[in-house]
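Presented below is the structure to which this report refers.
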Amino acid sequence: MEDDRDTLRILVATDCHLGYMEKDEIRRFDSFEAFEEICSLAKQKEVDFVLLGGDLFHENKPSRSTLVKTIEILRRYCLNDLPVKFQVVSDQTVNFPNRFGHVNYEDPHFNVGLPVFTIHGNHDDPAGVDNLSAIDILSACNLVNYFGKMDLGGSGVGQIAVHPVLVKKGTTTVALYGLGNIRDERLNRMFQTPHSVQWMRPESQEGLSVSDWFNILVLHQNRIKTNPKSAINEHFLPRFLDFVVWGHEHECLIDPQEVPGMGFHITQPGSSVATSLIDGEAKPKHVLLLEIKGNQYRPNKIPLMTVRPFEYAEVVLKDEADVDPNDQASVLEHLDKIVRNLIEKSSQPAASRSEAKLPLVRIKVDYSGFSTINPQRFGQKYVGKVANPQDILIFSKAAKKRQTTTGENIDESEKLRPEELNQQTIEALVAENNLKMEILPVDDLDIALHDFVSKDDKTAFYACLQRNLDETRKKLNSEAEKFKIEEEDIIVKVGECMQERVKEISLRSKGDTGLASSTQNLQDTIRGKSVAAESSLNTFSDDEDTRELLLGTRSTRSTAGFTRPSKDATGAARGGASKRGSGKGSLKQTTLTFSQSRSSAAIRSEEVDSSSDEDAANEVNEVVENSDPEDSFPQSGRKRPAPRGRGRARGTTTAKRGRKADTGSMPSMVMSKDDDSDEDDKPKKPPPRVTRNYGAVKRR
């Protein structure tokens with residue numbers, strides 16, 4: 001591997017978290033100093049390019065100060081006249097889907113001597129309506145090459161195709177696969193769904209076969225298997241890979257580890273700045289210099305010297321002999337001793353560092369059987385001695401007490417520990433309560449809420465709603481094209497559905513057959529299937545003069561041997577009531593409307609019988625206007641009972657009113673004298689008043 005012309009040199013780093021603690025007076029520059037050291041090492045080692053594994057920025061929307069400092073560092077180390085000794089031979093418009101569509105060092109307007117290739121992580125992933133990341137800003141400035149960006153879109157599992165960036169230097173060919181951060185639960189389902197993740201292999205070229213390519217994958221996902229569904233198993237990855245760069249995990253495991261049965265090695269460089277003060281972050285920070293020639297590689301780990309020292313310790317108070325549970329002073333004295341020892345330990349290797357820095361100190365205290373103390377008050381005495389005086393101590397209890405499966409009572413404080421309330425627990429609680437959404441998917445709302453809170457994306461809910469609306473519109477449009485439903489058909493279908501609903505409700509009201517029949521005839525009236533009113537005048541029971549029959553038809557109701565008002569008169573009067581109500585309420589409203597709109601029946605009958613002479617019409621009007629309720633039946637020969645009013649609208653009276661509504665909306669029907677006994681039970685109504693105002697209530 002001594003021949004430099006065929007050796008590809010790559011500097012690998014992940015999780016720089018630029019802008020972390022930028023408002024802290026002591027730690028605000030830690031992330032930038034570490035990143036500048038990484039770029040400086042790349043220049044010293046004369047690497048071909050820098051490969052970053054996500055989370056370049058700590059915030060999804062970094063501040064202007066963070067962006068300016070980042071651009072300054074990249075401009076200082078990446079823009080120069082040094083030659084680039086490798087080529088990108090793949091389709092760059094697919095690898096870099098931006099407006100320019102090519103690798104940054106090929107731009108004739110820029111002198112890029114140190115190319116940087118990066119994917120996004122979970123902190124700086126794309127968000128918003130335009131699906132943009134803070135890395136897109138650096139890519140538009142031609143400072144980095146942003147790849148591995150997948151546009152999933154919509155809900156469901158989704159499907160992605162991972163295209164490699166094909167790099168060639170001399171006889172060494174490298175296929176660089178990038179997979180930016182995707183929610184672990186979703187990517188987990190995608191890996192377990194056939195054909196959801198497609199790995200595109202390089203095409204055979206002149207003198208090159210698929211097996212000649214050295215395949216590298218860089219991804220940014222959970223690796224620790226605390227929950228299998230919220231992490232990615234190494235066995236999900238394809239077997240043709242040779243080397244995997246795993247981002248997101250901050251613990252530095254820089255030495256490549258072989259995955260049994262898979263044939264590839266994994267390196268985990270970890271973060272360059274301590275963001276979580278845990279045991280894993282206390283290990284020394286490194287970056288990896290990867291040298292590749294042909295199908296062989298050589299890893300070289302390089303320690304970072306500008307990283308702030310971090311010392312971590314765990315204490316179990318009940319195991320300490322010099323600590324009394326009833327004496328808080330002894331607890332404070334013991335903890336002070338541990339802190340002083342850690343500060344002294346961190347200052348020993350200061351000669352190898354660029355400059356002395358205040359150390360980070362964290363003590364995890366198991367206070368089982370003891371009372372806690374105020375961490376802020378404890379840390380006041382270490383201001384100026386440590387970088388984090390406000391959170392030196394963190395209290396916890398033994399985890400074995402929470403792992404019981406019996407009915408043993410657990411302290412409420414143990415149930416509500418903040419570090420135990422992770423996202424999966426909340427999702428499980430929602431699932432247990434069977435909270436089902438009927439319009440918007442739960443997963444989409446979960447993502448929108450996460451973007452709104454964690455990424456300060458104020459358009460997250462709008463984008464979620466808009467995306468689901470677009471999908472619904474597309475589905476409806478496809479169905480409309482399939483069945484070719486026109487607007488008139490939709491109106492007819494809606495009308496039929498409403499009428500069927502009215503019919504169903506009417507049939508459920510006390511099971512009255514007369515009421516059901518009345519409602520059905522009202523439906524027929526709405527549909528415009530009324531029979532011509534002239535047919536109502538062709539049926540009567542005796543041979544009296546036609547004028548007298550016509551007069552009796554217009555001035556009486558339910559008289560033996562005479563016809564009822566025509567269907568056009570009663571049906572039209574009841575049509576408005578049937579449209580406004582249904583069921584029992586519809587019947588009452590129909591009866592009331594008919595009694596209040598008596599003039600409509602007379603005027604409709606007059607319009608139907610327009611062929612009769614003018615004198616007959618005037619005579620009818622005179623009778624209607626001047627007759628009293630008891631004088632409007634001259635042909636009956638017997639006195640009618642007094643009207644019983646609408647107070648008896650229940651029982652038999654309701655049923656008979658239903659029959660009246662039924663027969664009133666039909667053409668004229670024959671009434672025999674045998675029905676006189678039934679007619680006596682019917683309430684007598686005043687004759688209708690003729691007026692041109694159709695449907696108006698009679699004024700008294």
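Order determines the names: the first chain of the structure tokens is A, the second B, and so forth; residues in each chain are numbered 1 upward, and ligands are numbered 1 upward as they are shown.
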
Extract, using only C-alpha atoms, all DNA, RNA and protein residues at most 9 Å from Leu8 (chain A), discarding same-chain residues fewer than 2 positions from it, and format them as a list in words. Asp4, Arg5, Asp6, Ile10, Val47, Asp48, Phe49, Lys85, Phe86, Lys168, Lys169, Gly170, Thr172, Thr173, Val174, Leu290, Glu291, Ile292 and Lys293 of chain A

Now that the selection is made, can you save its residues with N, CA and C atoms as a PDB file, in the first residue's frame?
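Listed below is the output, selection_14.pdb:
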ATOM      1  N   ASP A   4       1.074   5.703  -3.679  1.00  0.00           N
ATOM      2  CA  ASP A   4       0.047   6.697  -3.379  1.00  0.00           C
ATOM      3  C   ASP A   4      -0.932   6.869  -4.530  1.00  0.00           C
ATOM      4  N   ARG A   5      -0.531   6.519  -5.756  1.00  0.00           N
ATOM      5  CA  ARG A   5      -1.413   6.728  -6.905  1.00  0.00           C
ATOM      6  C   ARG A   5      -2.629   5.808  -6.867  1.00  0.00           C
ATOM      7  N   ASP A   6      -2.524   4.675  -6.225  1.00  0.00           N
ATOM      8  CA  ASP A   6      -3.634   3.728  -6.164  1.00  0.00           C
ATOM      9  C   ASP A   6      -4.244   3.614  -4.769  1.00  0.00           C
ATOM     10  N   ILE A  10      -9.055   8.359   3.227  1.00  0.00           N
ATOM     11  CA  ILE A  10     -10.306   8.970   3.670  1.00  0.00           C
ATOM     12  C   ILE A  10     -10.212   9.221   5.171  1.00  0.00           C
ATOM     13  N   VAL A  47      -5.291  13.779   2.957  1.00  0.00           N
ATOM     14  CA  VAL A  47      -6.322  12.812   2.581  1.00  0.00           C
ATOM     15  C   VAL A  47      -6.989  13.261   1.283  1.00  0.00           C
ATOM     16  N   ASP A  48      -7.639  12.312   0.626  1.00  0.00           N
ATOM     17  CA  ASP A  48      -8.342  12.640  -0.615  1.00  0.00           C
ATOM     18  C   ASP A  48      -9.670  13.333  -0.334  1.00  0.00           C
ATOM     19  N   PHE A  49     -10.375  12.894   0.684  1.00  0.00           N
ATOM     20  CA  PHE A  49     -11.604  13.599   1.063  1.00  0.00           C
ATOM     21  C   PHE A  49     -11.958  13.238   2.499  1.00  0.00           C
ATOM     22  N   LYS A  85      -7.218  14.085  -6.522  1.00  0.00           N
ATOM     23  CA  LYS A  85      -6.589  12.971  -7.223  1.00  0.00           C
ATOM     24  C   LYS A  85      -7.537  11.798  -7.491  1.00  0.00           C
ATOM     25  N   PHE A  86      -8.820  11.990  -7.308  1.00  0.00           N
ATOM     26  CA  PHE A  86      -9.770  10.910  -7.589  1.00  0.00           C
ATOM     27  C   PHE A  86     -10.876  11.456  -8.488  1.00  0.00           C
ATOM     28  N   LYS A 168     -13.118   6.616  -8.086  1.00  0.00           N
ATOM     29  CA  LYS A 168     -12.032   5.862  -8.716  1.00  0.00           C
ATOM     30  C   LYS A 168     -10.730   6.646  -8.583  1.00  0.00           C
ATOM     31  N   LYS A 169      -9.707   5.963  -8.076  1.00  0.00           N
ATOM     32  CA  LYS A 169      -8.367   6.541  -7.995  1.00  0.00           C
ATOM     33  C   LYS A 169      -7.367   5.475  -8.419  1.00  0.00           C
ATOM     34  N   GLY A 170      -6.798   5.668  -9.585  1.00  0.00           N
ATOM     35  CA  GLY A 170      -5.884   4.668 -10.125  1.00  0.00           C
ATOM     36  C   GLY A 170      -6.619   3.374 -10.369  1.00  0.00           C
ATOM     37  N   THR A 172      -7.862   1.627  -7.829  1.00  0.00           N
ATOM     38  CA  THR A 172      -8.770   1.428  -6.695  1.00  0.00           C
ATOM     39  C   THR A 172     -10.129   2.028  -7.023  1.00  0.00           C
ATOM     40  N   THR A 173     -11.149   1.232  -6.841  1.00  0.00           N
ATOM     41  CA  THR A 173     -12.518   1.684  -7.091  1.00  0.00           C
ATOM     42  C   THR A 173     -13.344   1.460  -5.824  1.00  0.00           C
ATOM     43  N   VAL A 174     -14.047   2.504  -5.426  1.00  0.00           N
ATOM     44  CA  VAL A 174     -14.829   2.465  -4.200  1.00  0.00           C
ATOM     45  C   VAL A 174     -16.267   2.855  -4.528  1.00  0.00           C
ATOM     46  N   LEU A 290      -8.716   6.087   6.996  1.00  0.00           N
ATOM     47  CA  LEU A 290      -8.947   4.832   6.277  1.00  0.00           C
ATOM     48  C   LEU A 290      -8.198   4.879   4.948  1.00  0.00           C
ATOM     49  N   GLU A 291      -7.298   3.924   4.754  1.00  0.00           N
ATOM     50  CA  GLU A 291      -6.525   3.817   3.515  1.00  0.00           C
ATOM     51  C   GLU A 291      -6.984   2.564   2.767  1.00  0.00           C
ATOM     52  N   ILE A 292      -7.362   2.754   1.509  1.00  0.00           N
ATOM     53  CA  ILE A 292      -7.922   1.667   0.706  1.00  0.00           C
ATOM     54  C   ILE A 292      -7.086   1.510  -0.561  1.00  0.00           C
ATOM     55  N   LYS A 293      -6.738   0.271  -0.840  1.00  0.00           N
ATOM     56  CA  LYS A 293      -6.055  -0.065  -2.096  1.00  0.00           C
ATOM     57  C   LYS A 293      -6.600  -1.389  -2.587  1.00  0.00           C
TER      58      LYS A 293
END

Selection: 8 Å around region 234-236 of chain A, only C-alpha atoms, excl. self and same-chain fewer than 3 positions, as a ChimeraX atom specification: /A:191-192,259,262

Could the residues of region 175-203 of chain A that have an atom at most 9 Å from region 142-148 of chain A be listed as a tab-separated table, each with its closest atom pair and the distance in Å to one decimal, counting only C-alpha atoms and ordered by chain and ascending residue number?
residue	atom	partner	partner_atom	distance
A:Tyr177	CA	A:Gly148	CA	7.4
A:Gly178	CA	A:Gly148	CA	4.3
A:Leu179	CA	A:Gly148	CA	4.5
A:Gly180	CA	A:Gly148	CA	5.1
A:Asn181	CA	A:Gly148	CA	8.8

Quick one: everything within 7 Å of region 239-253 of chain A, counting only C-alpha atoms, minus sequence neighbours fewer than 5 positions away in the same chain. Send it as a list in words.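 Near neighbours after the sequence-gap exclusion: Thr14, Asp15, Gly53, Gly54, Phe214, Asn215, Ile216, Leu217, Val218, Leu219, His220, Gln221, Asn222, Met262, Gly263, Phe264, His265, Ile266, Thr267, Gln268, Pro269, Gly270, Ser271, Gly280, Glu281, Lys283, Lys285 and His286 of chain A.
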
For those residues, write C-alpha atoms to a file as a PDB file, in the first residue's frame.
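Output file out12.pdb is given in full below:
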ATOM      1  CA  THR A  14     -19.186  11.544  12.829  1.00  0.00           C
ATOM      2  CA  ASP A  15     -21.416  13.597  15.135  1.00  0.00           C
ATOM      3  CA  GLY A  53     -21.442  10.354   9.255  1.00  0.00           C
ATOM      4  CA  GLY A  54     -24.247  12.793  10.123  1.00  0.00           C
ATOM      5  CA  PHE A 214     -14.798  -1.840  -2.464  1.00  0.00           C
ATOM      6  CA  ASN A 215     -18.221  -1.145  -0.943  1.00  0.00           C
ATOM      7  CA  ILE A 216     -18.544   1.333   1.942  1.00  0.00           C
ATOM      8  CA  LEU A 217     -21.795   2.261   3.689  1.00  0.00           C
ATOM      9  CA  VAL A 218     -22.205   5.282   5.947  1.00  0.00           C
ATOM     10  CA  LEU A 219     -25.423   5.503   7.945  1.00  0.00           C
ATOM     11  CA  HIS A 220     -26.786   7.304  11.007  1.00  0.00           C
ATOM     12  CA  GLN A 221     -29.109   5.103  13.087  1.00  0.00           C
ATOM     13  CA  ASN A 222     -29.571   3.579  16.535  1.00  0.00           C
ATOM     14  CA  MET A 262     -21.923 -11.022   7.361  1.00  0.00           C
ATOM     15  CA  GLY A 263     -18.394 -10.548   6.014  1.00  0.00           C
ATOM     16  CA  PHE A 264     -18.018  -6.813   6.678  1.00  0.00           C
ATOM     17  CA  HIS A 265     -16.501  -4.659   9.444  1.00  0.00           C
ATOM     18  CA  ILE A 266     -18.117  -1.794  11.364  1.00  0.00           C
ATOM     19  CA  THR A 267     -16.390   1.247  12.795  1.00  0.00           C
ATOM     20  CA  GLN A 268     -18.089   3.628  15.220  1.00  0.00           C
ATOM     21  CA  PRO A 269     -16.021   6.819  15.498  1.00  0.00           C
ATOM     22  CA  GLY A 270     -18.362   8.407  18.045  1.00  0.00           C
ATOM     23  CA  SER A 271     -18.846  12.124  18.632  1.00  0.00           C
ATOM     24  CA  GLY A 280     -19.602   6.148  27.004  1.00  0.00           C
ATOM     25  CA  GLU A 281     -18.712   9.790  26.346  1.00  0.00           C
ATOM     26  CA  LYS A 283     -13.701   7.519  26.517  1.00  0.00           C
ATOM     27  CA  LYS A 285     -12.239  10.798  21.218  1.00  0.00           C
ATOM     28  CA  HIS A 286     -10.741   9.676  17.903  1.00  0.00           C
TER      29      HIS A 286
END

Give me, as number ranges by chain, the residues of region 201-314 of chain A that a backbone DSSP run labels strand (DSSP E). A: 214-220, 243-247, 253-258, 265-268, 286-293, 296-303, 310-314

Mind checking which residues fall within 9 Å of Pro62 (chain A), counting only C-alpha atoms, ignoring those fewer than 6 positions away in the same chain, and posting them as a PyMOL selection string? chain A and resi 18-19+124+134

Shortest interatomic distance to Lys318 (chain A) - which of A:Val365, A:Ile392, A:Val165, A:Leu52, counting only C-alpha atoms: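 Among the listed residues, A:Val365 lies closest to Lys318 (chain A).
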
Can you pull out every residue within 12 Å of Leu342 (chain A), counting only C-alpha atoms, but drop anything in the same chain fewer than 6 positions away, and send it as an MDAnalysis selection string? chainID A and resid 309:314 335:336 348 358:363 385:386 392

Restricting it to N, CA, C and O atoms, dump the selection as a compact mmCIF listing (two decimals), in the first residue's frame.
# COMPACT_ATOMS: atom_id res chain seq x y z
N PRO A 309 -11.49 17.65 28.47
CA PRO A 309 -11.43 16.42 29.28
C PRO A 309 -12.72 16.18 30.04
O PRO A 309 -13.37 17.12 30.51
N PHE A 310 -13.06 14.92 30.14
CA PHE A 310 -14.31 14.53 30.80
C PHE A 310 -14.02 13.34 31.71
O PHE A 310 -13.52 12.31 31.26
N GLU A 311 -14.38 13.50 32.98
CA GLU A 311 -14.19 12.45 33.97
C GLU A 311 -15.55 12.01 34.50
O GLU A 311 -16.40 12.85 34.81
N TYR A 312 -15.71 10.70 34.59
CA TYR A 312 -17.00 10.12 35.00
C TYR A 312 -16.77 9.10 36.11
O TYR A 312 -15.78 8.34 36.09
N ALA A 313 -17.69 9.07 37.09
CA ALA A 313 -17.59 8.10 38.18
C ALA A 313 -18.99 7.76 38.66
O ALA A 313 -19.93 8.55 38.51
N GLU A 314 -19.13 6.57 39.22
CA GLU A 314 -20.39 6.11 39.80
C GLU A 314 -20.17 5.76 41.26
O GLU A 314 -19.16 5.13 41.62
N LEU A 335 -18.66 12.99 48.74
CA LEU A 335 -18.79 13.42 47.35
C LEU A 335 -17.75 14.48 47.00
O LEU A 335 -17.21 14.49 45.87
N ASP A 336 -17.45 15.39 47.92
CA ASP A 336 -16.40 16.39 47.66
C ASP A 336 -15.06 15.72 47.42
O ASP A 336 -14.28 16.16 46.55
N GLN A 348 -3.73 15.84 34.83
CA GLN A 348 -2.43 15.18 34.67
C GLN A 348 -1.95 15.16 33.22
O GLN A 348 -0.82 15.55 32.96
N LEU A 358 -10.92 23.62 31.49
CA LEU A 358 -11.65 23.14 32.65
C LEU A 358 -12.31 21.82 32.31
O LEU A 358 -12.94 21.68 31.26
N PRO A 359 -12.22 20.83 33.17
CA PRO A 359 -12.76 19.52 32.84
C PRO A 359 -14.27 19.45 33.07
O PRO A 359 -14.85 20.24 33.82
N LEU A 360 -14.89 18.49 32.44
CA LEU A 360 -16.26 18.10 32.72
C LEU A 360 -16.23 16.97 33.73
O LEU A 360 -15.48 16.00 33.58
N VAL A 361 -17.04 17.09 34.77
CA VAL A 361 -17.08 16.09 35.84
C VAL A 361 -18.53 15.67 36.04
O VAL A 361 -19.42 16.52 36.18
N ARG A 362 -18.74 14.38 36.05
CA ARG A 362 -20.08 13.85 36.29
C ARG A 362 -19.97 12.66 37.26
O ARG A 362 -19.19 11.73 37.02
N ILE A 363 -20.79 12.69 38.32
CA ILE A 363 -20.84 11.60 39.29
C ILE A 363 -22.28 11.11 39.35
O ILE A 363 -23.19 11.88 39.66
N LYS A 385 -13.57 25.79 38.57
CA LYS A 385 -12.73 24.60 38.65
C LYS A 385 -13.19 23.51 37.67
O LYS A 385 -12.37 22.71 37.22
N VAL A 386 -14.49 23.47 37.40
CA VAL A 386 -15.03 22.53 36.42
C VAL A 386 -15.88 23.32 35.42
O VAL A 386 -16.29 24.45 35.68
N ILE A 392 -22.96 18.57 38.25
CA ILE A 392 -21.93 17.58 38.56
C ILE A 392 -22.57 16.28 39.03
O ILE A 392 -22.16 15.18 38.64

Would you mind telling me which residue in A:Phe29, A:Lys381, A:Val307, A:Pro375 lies nearest to Ser65 (chain A) when using only C-alpha atoms?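 Ranking A:Phe29, A:Lys381, A:Val307, A:Pro375 by distance to Ser65 (chain A), first place goes to A:Phe29.
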